[in-house]
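*Asks:* First, the structure itself, so that you have it in front of you.
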Amino acid sequence: MKYYAIKDETKKEIVTDWQTCQEKLKEYNKPKFKSFSSLDDANAFLNDEENKINLDEPFAYIDGSFDKETEKYSFGGILVINNVEYKYKKGFLKDEYSQFRNVAGEIKGAAYIINHAINLGIKKLHIFYDYEGIEKWYTFKWKANTKIALEYQEFSKKVSEKIEVIFHKVKSHTNVYYNEIADKLAKEGLETV
């Protein structure tokens, strides 16, 4: 079953079918709405509850973005160490990696944050991502057939003895607190170039 959570500044509700959701949207002033597969997630969205994770070890969320018109790409990420948040964003002008769209940004973001964690002396890092290649190329579970994937695998070989990276896949745009921050930072990264 799907749950459609609808809210604005004055009211909120959950309905269970798309047709009803469309009808209800007309009753709202500047509505925000999302669909969820669980009632708990729908309620969390309505109540602005942050779905933060509780990890004692350092962790990071990364995301990539792409602008179709300019072919710029970017990454955004947040690294959390002992409850201190470090935010990153960086954009890249159109280049040979632009053909990979937001994936190029996400790969560069993963490498950037892993490298930064190494420089901070971190030996173990959890990375949360929404594009599967971030993990599969790094761990050599996927064969690299493109220049950017090959470079990412070369990076993995260089750093694997310095840091243990544990990957976690998350669905994009599911109201996960840090994932939403990484997504926002990635979009902002497009404006840095």
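So you can find residues: chains in the structure tokens are A, B, ... in the order shown, residues in each start at 1, and ligands are numbered from 1 in order.
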If you count only C-alpha atoms, which residues fall within 10 Å of range 149-157 of chain A, apart from same-chain ones fewer than 6 positions away, as an MDAnalysis selection string?
*Replies:* chainID A and resid 103:104 107:108 110:111 114:115 133:134 136:140 142:143 163 165
*Asks:* Per DSSP on the backbone, what are the helix (DSSP H, G or I) residues of range 29-163 of chain A, as a PyMOL selection string?
*Replies:* chain A and resi 39-46+98-100+102-119+133-138+147-159
*Asks:* Quick check, in Å to one decimal: how far apart do CA of Val176 in chain A and CA of Ile148 in chain A lie?
*Replies:* 27.9 Å
*Asks:* Identify, on the basis of only C-alpha atoms, every residue whose closest approach to Val80 in chain A does not exceed 8 Å; exclude the query and any residue fewer than 6 positions from it along the same chain; express the result as a PyMOL selection string.
*Replies:* chain A and resi 58-60+86
*Asks:* Which neighbours of Lys89 in chain A fall inside 12 Å, counting only C-alpha atoms, when residues of the same chain fewer than 2 positions from it are skipped, and could you give them as number ranges by chain?
*Replies:* A: 61-65, 73-79, 86-87, 91-92, 105-106, 108-110, 112-113, 181-193
